[in-house]
>>> print(open('upload_20.cif').read())   # mmCIF, C-alpha atoms and all ligand atoms
data_input
#
loop_
_atom_site.label_atom_id
_atom_site.label_comp_id
_atom_site.auth_asym_id
_atom_site.auth_seq_id
_atom_site.Cartn_x
_atom_site.Cartn_y
_atom_site.Cartn_z
CA MET A 1 -14.10 -25.13 9.77
CA VAL A 2 -13.99 -24.34 6.08
CA THR A 3 -14.38 -27.69 4.36
CA SER A 4 -14.54 -27.33 0.62
CA GLN A 5 -13.55 -24.98 -2.14
CA LEU A 6 -16.51 -22.94 -3.33
CA VAL A 7 -14.61 -21.15 -6.06
CA SER A 8 -13.57 -23.23 -9.07
CA LYS A 9 -10.51 -22.63 -11.20
CA SER A 10 -12.62 -21.10 -13.99
CA ASP A 11 -14.47 -18.87 -11.50
CA ARG A 12 -11.13 -17.66 -10.21
CA ASP A 13 -9.99 -16.88 -13.75
CA ARG A 14 -13.09 -14.78 -14.29
CA ILE A 15 -12.57 -13.00 -10.97
CA MET A 16 -9.01 -12.28 -12.06
CA SER A 17 -10.11 -10.56 -15.24
CA ASP A 18 -13.00 -8.79 -13.46
CA ILE A 19 -10.78 -7.25 -10.79
CA GLY A 20 -8.17 -6.23 -13.36
CA GLU A 21 -10.82 -4.41 -15.37
CA ALA A 22 -12.49 -2.89 -12.32
CA ILE A 23 -9.21 -1.46 -10.99
CA GLU A 24 -8.50 0.20 -14.34
CA TRP A 25 -12.06 1.50 -14.54
CA LEU A 26 -12.08 3.07 -11.07
CA SER A 27 -8.62 4.59 -11.57
CA GLY A 28 -10.14 6.68 -14.40
CA PHE A 29 -11.90 8.80 -11.75
CA GLY A 30 -9.24 11.24 -10.65
CA ALA A 31 -6.59 10.03 -13.12
CA ASP A 32 -3.86 12.67 -13.29
CA PRO A 33 -1.21 13.34 -15.96
CA SER A 34 1.54 11.69 -13.87
CA GLY A 35 -0.27 8.36 -14.26
CA GLY A 36 -1.43 8.55 -10.65
CA VAL A 37 -4.88 8.89 -9.13
CA THR A 38 -5.96 11.88 -7.03
CA ARG A 39 -9.31 11.63 -5.27
CA LEU A 40 -9.30 14.00 -2.33
CA LEU A 41 -12.28 13.97 0.03
CA TYR A 42 -15.39 15.73 -1.36
CA SER A 43 -13.58 16.83 -4.52
CA LYS A 44 -15.20 16.59 -7.95
CA GLU A 45 -13.15 13.47 -8.74
CA TRP A 46 -14.06 11.88 -5.42
CA LEU A 47 -17.77 12.53 -5.98
CA SER A 48 -17.72 11.14 -9.50
CA ALA A 49 -16.01 7.97 -8.22
CA GLN A 50 -18.57 7.47 -5.43
CA LYS A 51 -21.47 8.02 -7.85
CA ALA A 52 -19.98 5.61 -10.39
CA LEU A 53 -19.42 3.03 -7.66
CA ALA A 54 -23.05 3.42 -6.58
CA GLN A 55 -24.16 2.56 -10.12
CA HIS A 56 -21.69 -0.31 -10.28
CA MET A 57 -22.98 -1.73 -6.98
CA GLU A 58 -26.55 -1.43 -8.20
CA ALA A 59 -25.66 -3.21 -11.44
CA SER A 60 -24.12 -5.96 -9.30
CA GLY A 61 -27.50 -6.57 -7.66
CA LEU A 62 -26.88 -4.75 -4.39
CA HIS A 63 -29.17 -2.29 -2.58
CA VAL A 64 -27.30 0.98 -2.56
CA CYS A 65 -27.31 3.87 -0.13
CA PHE A 66 -25.09 6.73 1.01
CA ASP A 67 -24.82 7.94 4.57
CA ASP A 68 -24.71 11.61 5.43
CA CYS A 69 -20.93 11.93 5.54
CA GLY A 70 -20.49 10.31 2.13
CA ASN A 71 -19.79 6.66 2.86
CA LEU A 72 -21.39 4.45 0.22
CA TYR A 73 -22.90 1.02 0.92
CA GLY A 74 -24.02 -1.89 -1.26
CA ARG A 75 -26.18 -4.36 0.65
CA LEU A 76 -27.13 -7.98 0.15
CA GLU A 77 -30.12 -8.48 2.42
CA GLY A 78 -30.00 -11.46 4.78
CA GLU A 79 -32.89 -13.85 5.33
CA GLY A 80 -32.22 -14.43 8.99
CA ILE A 81 -33.91 -12.73 11.90
CA SER A 82 -30.68 -11.07 13.01
CA ALA A 83 -30.66 -7.37 12.28
CA GLY A 84 -26.90 -7.35 12.19
CA THR A 85 -24.65 -6.86 9.21
CA LEU A 86 -21.31 -8.24 8.19
CA LEU A 87 -19.30 -5.50 6.53
CA THR A 88 -16.36 -5.47 4.12
CA GLY A 89 -14.72 -2.67 2.20
CA SER A 90 -12.04 0.01 2.25
CA HIS A 91 -11.51 3.68 1.41
CA VAL A 92 -12.16 5.47 -1.90
CA ASP A 93 -9.98 8.53 -1.27
CA THR A 94 -6.33 8.63 -2.30
CA VAL A 95 -3.24 10.60 -1.49
CA LYS A 96 -2.19 13.19 -4.08
CA SER A 97 -1.07 11.26 -7.14
CA GLY A 98 -1.54 7.91 -5.43
CA GLY A 99 -1.89 4.43 -6.88
CA LYS A 100 -4.80 2.51 -8.36
CA TYR A 101 -4.95 -0.18 -5.68
CA ASP A 102 -4.71 1.45 -2.25
CA GLY A 103 -8.26 1.42 -0.88
CA ALA A 104 -9.84 0.80 -4.28
CA TYR A 105 -8.95 -2.90 -4.18
CA GLY A 106 -10.83 -3.53 -0.93
CA ILE A 107 -14.00 -1.89 -2.27
CA LEU A 108 -13.97 -3.59 -5.67
CA ALA A 109 -13.07 -6.95 -4.10
CA GLY A 110 -16.09 -6.59 -1.81
CA ILE A 111 -18.43 -5.86 -4.73
CA ILE A 112 -17.13 -8.85 -6.71
CA ALA A 113 -17.40 -11.13 -3.66
CA LEU A 114 -20.97 -10.09 -2.85
CA LYS A 115 -22.06 -10.46 -6.47
CA TYR A 116 -20.47 -13.92 -6.62
CA LEU A 117 -22.22 -15.02 -3.44
CA ARG A 118 -25.59 -13.63 -4.54
CA ASP A 119 -25.37 -15.21 -8.01
CA ASN A 120 -24.34 -18.61 -6.65
CA TYR A 121 -26.02 -18.88 -3.26
CA GLY A 122 -28.81 -16.31 -3.17
CA ALA A 123 -29.65 -14.49 0.03
CA PRO A 124 -27.30 -14.93 2.99
CA LYS A 125 -28.45 -15.67 6.56
CA VAL A 126 -26.72 -12.52 7.80
CA SER A 127 -26.91 -9.33 5.72
CA LEU A 128 -23.68 -8.59 3.90
CA GLU A 129 -22.55 -5.14 2.91
CA VAL A 130 -19.65 -3.61 1.06
CA VAL A 131 -18.65 -0.08 2.01
CA SER A 132 -16.74 2.52 0.06
CA LEU A 133 -15.43 4.63 2.93
CA CYS A 134 -15.28 8.32 2.14
CA GLU A 135 -11.92 9.14 3.68
CA GLU A 136 -8.91 7.48 5.29
CA GLU A 137 -5.72 9.12 4.07
CA GLY A 138 -5.84 12.58 5.65
CA SER A 139 -4.57 14.02 2.38
CA ARG A 140 -6.97 16.97 2.01
CA PHE A 141 -7.80 17.90 5.61
CA PRO A 142 -5.58 17.36 8.66
CA LEU A 143 -7.56 14.41 9.95
CA THR A 144 -7.69 10.72 9.09
CA TYR A 145 -10.40 8.01 9.11
CA TRP A 146 -13.25 10.48 8.60
CA GLY A 147 -15.35 7.69 7.00
CA SER A 148 -14.83 4.83 9.45
CA GLY A 149 -14.61 7.37 12.29
CA ASN A 150 -18.17 8.54 11.64
CA ILE A 151 -19.44 4.96 11.45
CA THR A 152 -17.78 3.90 14.69
CA GLY A 153 -18.35 7.03 16.77
CA LYS A 154 -14.87 8.56 16.82
CA TYR A 155 -16.32 11.48 14.86
CA SER A 156 -19.81 12.87 14.59
CA LEU A 157 -21.50 15.15 12.08
CA GLU A 158 -22.90 17.09 15.04
CA ARG A 159 -19.36 18.19 15.82
CA VAL A 160 -17.52 18.56 12.52
CA PRO A 161 -13.92 19.51 13.32
CA ASP A 162 -13.17 23.14 12.55
CA ILE A 163 -10.37 22.48 10.08
CA ARG A 164 -9.48 23.71 6.62
CA ASP A 165 -7.69 22.38 3.58
CA ARG A 166 -4.68 24.15 2.03
CA ASP A 167 -6.97 26.49 0.09
CA GLY A 168 -8.76 27.57 3.25
CA VAL A 169 -11.94 25.55 2.56
CA GLU A 170 -13.57 24.28 5.75
CA LEU A 171 -14.29 20.56 6.09
CA GLU A 172 -17.95 21.28 6.75
CA GLN A 173 -18.22 23.54 3.71
CA ALA A 174 -16.55 20.96 1.47
CA MET A 175 -18.96 18.30 2.77
CA LEU A 176 -22.01 20.49 2.14
CA SER A 177 -20.79 21.38 -1.36
CA ALA A 178 -20.53 17.68 -2.20
CA GLY A 179 -24.14 17.20 -1.06
CA PHE A 180 -23.50 15.62 2.34
CA GLY A 181 -23.97 16.77 5.92
CA LYS A 182 -27.46 18.16 5.24
CA GLY A 183 -29.46 15.31 6.71
CA THR A 184 -30.42 14.08 3.22
CA TYR A 185 -29.04 10.64 3.94
CA ARG A 186 -29.07 8.40 6.98
CA SER A 187 -26.82 9.11 9.93
CA PRO A 188 -23.39 7.52 9.47
CA ARG A 189 -23.20 6.08 13.00
CA ARG A 190 -23.96 2.35 13.00
CA HIS A 191 -24.66 -0.06 15.82
CA ASP A 192 -25.56 -3.10 13.72
CA VAL A 193 -22.16 -4.15 12.40
CA LEU A 194 -21.38 -7.67 13.63
CA GLY A 195 -17.97 -7.86 12.05
CA PHE A 196 -15.71 -6.11 9.55
CA ILE A 197 -13.12 -7.44 7.13
CA GLU A 198 -10.84 -5.32 4.96
CA LEU A 199 -8.76 -6.51 2.03
CA HIS A 200 -5.84 -4.24 1.21
CA ILE A 201 -2.57 -4.29 -0.66
CA GLU A 202 0.33 -4.80 1.72
CA GLN A 203 2.15 -1.51 0.95
CA GLY A 204 5.33 -3.30 1.93
CA SER A 205 7.48 -6.03 0.39
CA LEU A 206 7.33 -8.80 2.96
CA LEU A 207 4.80 -10.99 1.11
CA GLU A 208 6.52 -10.50 -2.22
CA ARG A 209 9.95 -11.31 -0.80
CA GLU A 210 8.61 -14.53 0.70
CA SER A 211 6.45 -15.34 -2.37
CA ARG A 212 3.29 -15.46 -0.29
CA SER A 213 -0.25 -14.85 -1.51
CA ILE A 214 -2.00 -13.71 1.65
CA GLY A 215 -0.92 -11.78 4.73
CA ILE A 216 -3.16 -12.25 7.77
CA VAL A 217 -2.75 -9.28 10.08
CA ASN A 218 -2.34 -10.01 13.79
CA HIS A 219 -1.82 -6.43 14.91
CA ILE A 220 -1.92 -2.99 13.43
CA VAL A 221 1.18 -1.54 15.03
CA GLY A 222 1.14 1.06 17.74
CA GLN A 223 2.76 4.39 16.89
CA ARG A 224 4.49 7.03 18.91
CA ARG A 225 5.69 10.32 17.50
CA TYR A 226 7.89 12.95 19.04
CA THR A 227 9.47 16.26 18.27
CA VAL A 228 12.98 16.53 19.68
CA LYS A 229 14.51 19.98 20.18
CA VAL A 230 18.26 20.26 20.68
CA SER A 231 19.66 23.66 21.62
CA GLY A 232 23.32 24.66 21.65
CA THR A 233 25.10 27.84 20.66
CA ALA A 234 25.21 29.26 17.16
CA ASN A 235 28.71 30.48 16.46
CA HIS A 236 31.32 31.24 13.83
CA ALA A 237 32.36 28.13 11.88
CA GLY A 238 35.87 29.50 11.35
CA THR A 239 36.82 30.89 14.71
CA THR A 240 35.18 28.54 17.22
CA PRO A 241 37.58 25.71 18.21
CA MET A 242 36.16 22.18 18.11
CA ASP A 243 36.52 21.60 21.86
CA VAL A 244 34.37 24.54 22.94
CA ARG A 245 31.50 24.12 20.51
CA LYS A 246 27.92 23.43 21.50
CA ASP A 247 26.88 22.14 18.10
CA ALA A 248 23.18 21.27 18.08
CA LEU A 249 23.35 19.60 14.68
CA ALA A 250 26.28 17.32 15.55
CA GLY A 251 24.42 16.37 18.74
CA ALA A 252 21.20 15.67 16.85
CA CYS A 253 23.11 13.53 14.35
CA ALA A 254 24.56 11.44 17.18
CA MET A 255 21.04 10.94 18.55
CA ILE A 256 19.56 9.98 15.19
CA GLN A 257 22.35 7.52 14.58
CA LYS A 258 21.80 5.91 18.00
CA LEU A 259 18.10 5.70 17.28
CA GLU A 260 18.72 3.80 14.07
CA GLU A 261 21.24 1.44 15.68
CA ALA A 262 18.88 0.64 18.54
CA ALA A 263 15.95 0.06 16.18
CA ARG A 264 18.01 -2.34 14.08
CA LEU A 265 18.83 -4.34 17.20
CA GLU A 266 15.10 -4.83 17.93
CA GLY A 267 14.73 -6.82 14.70
CA GLY A 268 11.42 -8.20 13.39
CA GLN A 269 9.05 -5.55 12.09
CA PHE A 270 10.18 -2.95 14.63
CA VAL A 271 10.86 0.46 13.03
CA ALA A 272 12.02 3.90 14.16
CA THR A 273 12.43 6.86 11.84
CA THR A 274 13.58 10.44 11.76
CA GLY A 275 11.92 11.93 8.72
CA LEU A 276 11.99 15.64 9.43
CA LEU A 277 14.85 17.86 10.47
CA ASN A 278 14.92 21.64 10.91
CA VAL A 279 18.27 23.30 11.41
CA SER A 280 18.75 26.84 12.63
CA PRO A 281 20.17 29.06 11.37
CA ASN A 282 20.88 26.53 8.57
CA LEU A 283 23.85 28.34 7.08
CA PRO A 284 27.07 26.85 5.74
CA ASN A 285 29.40 28.94 7.88
CA VAL A 286 27.53 28.95 11.18
CA ILE A 287 27.50 26.22 13.83
CA ALA A 288 23.88 25.16 14.28
CA GLY A 289 22.36 26.67 17.42
CA GLU A 290 19.12 24.78 17.31
CA VAL A 291 17.80 21.64 15.69
CA ALA A 292 14.33 20.13 15.78
CA PHE A 293 13.68 16.64 14.44
CA THR A 294 10.94 14.03 14.59
CA VAL A 295 11.01 10.49 15.90
CA ASP A 296 8.40 7.98 14.68
CA VAL A 297 8.45 4.60 16.46
CA ARG A 298 6.20 1.66 15.56
CA ASP A 299 5.73 -1.86 16.83
CA ALA A 300 2.99 -4.38 17.48
CA ASN A 301 4.06 -4.94 21.09
CA ALA A 302 3.06 -2.22 23.57
CA ASP A 303 5.77 -3.24 26.07
CA THR A 304 8.48 -3.12 23.43
CA LEU A 305 7.33 0.33 22.36
CA GLU A 306 7.34 1.56 25.94
CA ARG A 307 10.79 0.14 26.69
CA PHE A 308 12.33 1.44 23.47
CA CYS A 309 10.96 4.94 23.94
CA ARG A 310 12.12 5.11 27.56
CA GLU A 311 15.54 3.96 26.43
CA PHE A 312 15.92 6.47 23.58
CA HIS A 313 14.89 9.29 25.97
CA ARG A 314 17.67 8.21 28.33
CA CYS A 315 20.21 7.86 25.54
CA PHE A 316 19.37 11.25 23.98
CA LYS A 317 19.73 12.88 27.39
CA GLU A 318 23.14 11.30 27.83
CA ILE A 319 24.30 12.60 24.44
CA ALA A 320 22.91 16.08 25.18
CA ASP A 321 24.61 16.20 28.60
CA SER A 322 27.96 15.06 27.25
CA ARG A 323 27.86 17.85 24.65
CA GLU A 324 26.40 20.47 26.99
CA LEU A 325 23.28 20.79 24.87
CA HIS A 326 19.77 21.47 26.06
CA LEU A 327 17.21 18.80 25.19
CA GLN A 328 13.44 18.88 24.99
CA ILE A 329 11.33 15.92 23.84
CA GLN A 330 7.64 16.36 23.17
CA GLU A 331 5.35 13.40 22.50
CA TRP A 332 2.45 14.26 20.16
CA MET A 333 1.13 10.86 19.15
CA ASN A 334 0.69 7.74 21.25
CA GLU A 335 -1.52 5.13 19.61
CA PRO A 336 -1.44 1.65 21.10
CA PRO A 337 -1.19 -1.46 18.89
CA VAL A 338 -4.58 -2.81 17.79
CA PRO A 339 -5.04 -6.59 17.74
CA MET A 340 -7.27 -8.05 15.03
CA HIS A 341 -9.89 -10.68 15.95
CA ALA A 342 -8.09 -14.02 16.37
CA PRO A 343 -11.02 -16.33 15.45
CA PHE A 344 -11.52 -14.39 12.19
CA ASN A 345 -7.83 -14.89 11.49
CA GLU A 346 -8.13 -18.63 12.14
CA THR A 347 -10.86 -18.77 9.50
CA LEU A 348 -8.59 -16.95 7.06
CA ARG A 349 -5.84 -19.44 7.82
CA ASN A 350 -8.19 -22.39 7.20
CA ILE A 351 -9.21 -20.92 3.86
CA CYS A 352 -5.59 -20.39 2.79
CA GLU A 353 -4.77 -23.98 3.72
CA GLU A 354 -7.81 -25.31 1.88
CA TYR A 355 -6.73 -23.50 -1.29
CA ASN A 356 -3.03 -24.15 -0.78
CA TYR A 357 -2.32 -20.43 -0.72
CA SER A 358 1.00 -19.58 0.81
CA TYR A 359 0.19 -17.24 3.71
CA ARG A 360 1.80 -15.70 6.74
CA PHE A 361 0.69 -13.94 9.89
CA MET A 362 2.15 -10.45 10.09
CA ASN A 363 1.66 -6.99 11.50
CA SER A 364 0.58 -3.90 9.64
CA GLY A 365 3.09 -1.07 9.93
CA ALA A 366 0.55 1.34 8.42
CA GLY A 367 -2.74 2.44 9.92
CA HIS A 368 -6.01 1.22 8.37
CA ASP A 369 -9.76 1.73 8.76
CA SER A 370 -9.80 -1.73 10.37
CA GLN A 371 -8.34 -0.34 13.57
CA LEU A 372 -11.39 1.89 14.04
CA PHE A 373 -13.79 -0.97 13.43
CA GLN A 374 -11.93 -3.23 15.86
CA ALA A 375 -12.91 -0.78 18.60
CA VAL A 376 -16.60 -1.57 18.04
CA CYS A 377 -16.78 -5.04 16.43
CA PRO A 378 -14.57 -8.05 15.68
CA THR A 379 -12.37 -7.19 12.72
CA ALA A 380 -9.96 -8.82 10.29
CA LEU A 381 -7.45 -7.28 7.89
CA ALA A 382 -5.86 -9.29 5.08
CA PHE A 383 -3.13 -8.24 2.67
CA VAL A 384 -2.17 -9.25 -0.84
CA PRO A 385 1.34 -8.57 -2.17
CA ASN A 386 2.17 -5.48 -4.19
CA LYS A 387 5.18 -5.05 -6.42
CA ASP A 388 8.36 -3.94 -4.64
CA GLY A 389 6.23 -2.72 -1.76
CA VAL A 390 5.65 0.56 -3.62
CA SER A 391 2.49 2.41 -2.61
CA HIS A 392 1.13 5.99 -2.54
CA SER A 393 2.70 6.28 -5.97
CA PRO A 394 1.61 5.97 -9.60
CA LEU A 395 3.95 2.95 -9.72
CA GLU A 396 1.80 0.98 -7.27
CA PHE A 397 1.01 -2.44 -8.79
CA SER A 398 -0.41 -5.80 -7.77
CA ASP A 399 -0.76 -8.60 -10.28
CA PRO A 400 -4.33 -9.73 -11.01
CA GLY A 401 -3.58 -13.28 -9.83
CA SER A 402 -2.72 -12.02 -6.33
CA LEU A 403 -5.80 -9.80 -6.34
CA ALA A 404 -7.95 -12.79 -7.33
CA ASP A 405 -6.51 -14.99 -4.55
CA GLY A 406 -7.46 -12.30 -2.06
CA ILE A 407 -11.01 -12.14 -3.42
CA VAL A 408 -11.41 -15.93 -3.33
CA THR A 409 -10.33 -15.80 0.31
CA LEU A 410 -12.86 -13.02 0.98
CA ILE A 411 -15.67 -14.96 -0.73
CA GLU A 412 -14.98 -18.03 1.41
CA TRP A 413 -14.75 -15.95 4.56
CA LEU A 414 -18.04 -14.15 3.88
CA TYR A 415 -19.68 -17.47 3.00
CA PHE A 416 -18.50 -19.03 6.25
CA TYR A 417 -19.93 -16.27 8.42
CA GLY A 418 -22.77 -15.07 6.21
CA TYR A 419 -24.23 -18.36 4.97
CA LYS A 420 -22.83 -21.23 7.02
CA GLY A 421 -23.47 -19.74 10.43
CA GLY A 422 -19.86 -19.32 11.50
CA GLU A 423 -19.73 -17.98 15.06
CA LEU A 424 -19.45 -14.18 14.93
CA ALA A 425 -19.00 -13.43 18.61
ZN ZN B 501 -5.24 2.40 2.14
#
>>> encode(input="upload_20.cif", output="structure tokens")
Amino acid sequence: MVTSQLVSKSDRDRIMSDIGEAIEWLSGFGADPSGGVTRLLYSKEWLSAQKALAQHMEASGLHVCFDDCGNLYGRLEGEGISAGTLLTGSHVDTVKSGGKYDGAYGILAGIIALKYLRDNYGAPKVSLEVVSLCEEEGSRFPLTYWGSGNITGKYSLERVPDIRDRDGVELEQAMLSAGFGKGTYRSPRRHDVLGFIELHIEQGSLLERESRSIGIVNHIVGQRRYTVKVSGTANHAGTTPMDVRKDALAGACAMIQKLEEAARLEGGQFVATTGLLNVSPNLPNVIAGEVAFTVDVRDANADTLERFCREFHRCFKEIADSRELHLQIQEWMNEPPVPMHAPFNETLRNICEEYNYSYRFMNSGAGHDSQLFQAVCPTALAFVPNKDGVSHSPLEFSDPGSLADGIVTLIEWLYFYGYKGGELA
């Protein structure tokens, strides 16, 4: 049980100005003319940010090291006999012309929290570390979670995927050019992480709409993605009567509309999306002979996902049959929902209640590094609100007060498990 407030009003005010400054500072690495931030994995901007963060961690009194895939750690050594580490942090890479907060906030919050704890309480019982993960977004190479994936064993530097960026540069070559992957640093794989917590901006508008300070994530949603191919007959738009057409585009539209209707009926945070549509031959005076479109379905409940997807398959088939169209549905992603660690969430709830922060339990509709950590250690993910839910954009913004409330929560959480002996199992 969290019993008292460690962080005073004046401490919180200082944290608020510190995080505001730190966000601006870090956004200078990779700042682009649009006002956004571009730090693609192993790029010059990415490397300068990691090096600057290393100095910043050192100046905050942390022991600093890189691992061999480019993750950066700042460590506050524990006094206890346990060799384990409690880890917090997020990713340093961005999408092209992304915002200042996505990823960056979780790293900077971790540094501020660890410095606060060290300055006020000295060495913890359990070692605490903040990590600046090298890659999460998948915005340079066609893979995601390269940083947390190497720590948790999803990826390995012994088998670097044979993939290239848009300019034809291989992942391995990019890594070597940035100074990693040569065995200079320690192996990224870790077996000593006792727990992980990530602070992140919500990237949605639920918290803001409900005027809440903290979102405690129960599940990172499961995702399924499909490519749907509808084939009919391309024909003359002027001479083919309506009743004999096999119009692939009209059929696809009926399917997409049904998909949206059905998703609305599910309610809650359930979502289904068609975001990509290819029409052939895509001409104004020809009935479409073939259409391919995507379906992206997300929910926190595996059974709901399963039922919904079965149902839309049946419904699409019915529409195709009634229009004499040929239908092909290919599933190319099926990731189950990932539950976060309930006892960690209870601690977050206790902290919010102690500080009178308005909070809610919620699901994350976006993927996060936390889902990789949850596969190997208990994990928590907490959100703070961001303006209008806008993210992956130069317009991304969170007010410093919200950022500070998140950091206060993180400090208390790390104190509970790192100093007070909160049960980590
Ligand atoms: Zn992120």
>>> residues_near_ligand(input="upload_20.cif", ligand="ligand ZN 501 (chain B)", cutoff="10 Å", atoms="only C-alpha atoms and all ligand atoms", output="ChimeraX atom specification")
/A:90-95,99,101-106,135-137,198-203,366-369,391-392
>>> atom_distance(input="upload_20.cif", atom1="atom CA of Asp299 of chain A", atom2="atom CA of Glu311 of chain A")
14.9 Å
>>> axis_aligned_box(input="upload_20.cif", around="segment 126-131 of chain A", padding_each_side="5 Å", output="lines of an AutoDock Vina configuration file")
center_x = -22.8
center_y = -6.3
center_z = 4.4
size_x = 18.3
size_y = 22.4
size_z = 16.7
>>> atom_distance(input="upload_20.cif", atom1="atom CA of Cys69 of chain A", atom2="atom CA of Gly181 of chain A")
5.7 Å
>>> atom_distance(input="upload_20.cif", atom1="atom CA of Arg323 of chain A", atom2="atom CA of Gly232 of chain A")
8.7 Å
>>> closest_residue(input="upload_20.cif", among="A:Leu403, A:His219, A:Tyr419, A:Ala300", to="Ala22 of chain A", atoms="all atoms listed in the file")
A:Leu403
>>> build_atoms(input="upload_20.cif", residues="segment 36-55 of chain A", atoms="N, CA and C atoms", output="PDB file, in the frame of the given file")
ATOM      1  N   GLY A  36      -0.884   8.856 -11.966  1.00  0.00           N
ATOM      2  CA  GLY A  36      -1.430   8.550 -10.650  1.00  0.00           C
ATOM      3  C   GLY A  36      -2.913   8.858 -10.564  1.00  0.00           C
ATOM      4  N   VAL A  37      -3.462   8.631  -9.376  1.00  0.00           N
ATOM      5  CA  VAL A  37      -4.880   8.890  -9.130  1.00  0.00           C
ATOM      6  C   VAL A  37      -4.979   9.855  -7.950  1.00  0.00           C
ATOM      7  N   THR A  38      -5.766  10.926  -8.126  1.00  0.00           N
ATOM      8  CA  THR A  38      -5.960  11.880  -7.030  1.00  0.00           C
ATOM      9  C   THR A  38      -7.459  12.043  -6.781  1.00  0.00           C
ATOM     10  N   ARG A  39      -7.907  11.487  -5.669  1.00  0.00           N
ATOM     11  CA  ARG A  39      -9.310  11.630  -5.270  1.00  0.00           C
ATOM     12  C   ARG A  39      -9.338  12.128  -3.826  1.00  0.00           C
ATOM     13  N   LEU A  40      -9.283  13.437  -3.674  1.00  0.00           N
ATOM     14  CA  LEU A  40      -9.300  14.000  -2.330  1.00  0.00           C
ATOM     15  C   LEU A  40     -10.747  14.111  -1.853  1.00  0.00           C
ATOM     16  N   LEU A  41     -10.937  13.982  -0.566  1.00  0.00           N
ATOM     17  CA  LEU A  41     -12.280  13.970   0.030  1.00  0.00           C
ATOM     18  C   LEU A  41     -13.144  15.110  -0.477  1.00  0.00           C
ATOM     19  N   TYR A  42     -14.358  14.781  -0.924  1.00  0.00           N
ATOM     20  CA  TYR A  42     -15.390  15.730  -1.360  1.00  0.00           C
ATOM     21  C   TYR A  42     -15.012  16.531  -2.605  1.00  0.00           C
ATOM     22  N   SER A  43     -13.933  16.143  -3.272  1.00  0.00           N
ATOM     23  CA  SER A  43     -13.580  16.830  -4.520  1.00  0.00           C
ATOM     24  C   SER A  43     -14.483  16.323  -5.644  1.00  0.00           C
ATOM     25  N   LYS A  44     -14.408  16.980  -6.777  1.00  0.00           N
ATOM     26  CA  LYS A  44     -15.200  16.590  -7.950  1.00  0.00           C
ATOM     27  C   LYS A  44     -14.873  15.146  -8.347  1.00  0.00           C
ATOM     28  N   GLU A  45     -13.580  14.810  -8.341  1.00  0.00           N
ATOM     29  CA  GLU A  45     -13.150  13.470  -8.740  1.00  0.00           C
ATOM     30  C   GLU A  45     -13.664  12.419  -7.750  1.00  0.00           C
ATOM     31  N   TRP A  46     -13.588  12.772  -6.484  1.00  0.00           N
ATOM     32  CA  TRP A  46     -14.060  11.880  -5.420  1.00  0.00           C
ATOM     33  C   TRP A  46     -15.553  11.593  -5.601  1.00  0.00           C
ATOM     34  N   LEU A  47     -16.310  12.677  -5.850  1.00  0.00           N
ATOM     35  CA  LEU A  47     -17.770  12.530  -5.980  1.00  0.00           C
ATOM     36  C   LEU A  47     -18.127  11.693  -7.207  1.00  0.00           C
ATOM     37  N   SER A  48     -17.396  11.914  -8.297  1.00  0.00           N
ATOM     38  CA  SER A  48     -17.720  11.140  -9.500  1.00  0.00           C
ATOM     39  C   SER A  48     -17.396   9.661  -9.272  1.00  0.00           C
ATOM     40  N   ALA A  49     -16.346   9.374  -8.515  1.00  0.00           N
ATOM     41  CA  ALA A  49     -16.010   7.970  -8.220  1.00  0.00           C
ATOM     42  C   ALA A  49     -17.094   7.331  -7.344  1.00  0.00           C
ATOM     43  N   GLN A  50     -17.533   8.028  -6.303  1.00  0.00           N
ATOM     44  CA  GLN A  50     -18.570   7.470  -5.430  1.00  0.00           C
ATOM     45  C   GLN A  50     -19.872   7.223  -6.208  1.00  0.00           C
ATOM     46  N   LYS A  51     -20.233   8.180  -7.080  1.00  0.00           N
ATOM     47  CA  LYS A  51     -21.470   8.020  -7.850  1.00  0.00           C
ATOM     48  C   LYS A  51     -21.355   6.846  -8.827  1.00  0.00           C
ATOM     49  N   ALA A  52     -20.177   6.723  -9.452  1.00  0.00           N
ATOM     50  CA  ALA A  52     -19.980   5.610 -10.390  1.00  0.00           C
ATOM     51  C   ALA A  52     -19.995   4.277  -9.638  1.00  0.00           C
ATOM     52  N   LEU A  53     -19.401   4.260  -8.454  1.00  0.00           N
ATOM     53  CA  LEU A  53     -19.420   3.030  -7.660  1.00  0.00           C
ATOM     54  C   LEU A  53     -20.841   2.671  -7.251  1.00  0.00           C
ATOM     55  N   ALA A  54     -21.653   3.685  -6.945  1.00  0.00           N
ATOM     56  CA  ALA A  54     -23.050   3.420  -6.580  1.00  0.00           C
ATOM     57  C   ALA A  54     -23.768   2.713  -7.730  1.00  0.00           C
ATOM     58  N   GLN A  55     -23.541   3.201  -8.942  1.00  0.00           N
ATOM     59  CA  GLN A  55     -24.160   2.560 -10.120  1.00  0.00           C
ATOM     60  C   GLN A  55     -23.633   1.137 -10.302  1.00  0.00           C
TER      61      GLN A  55
END
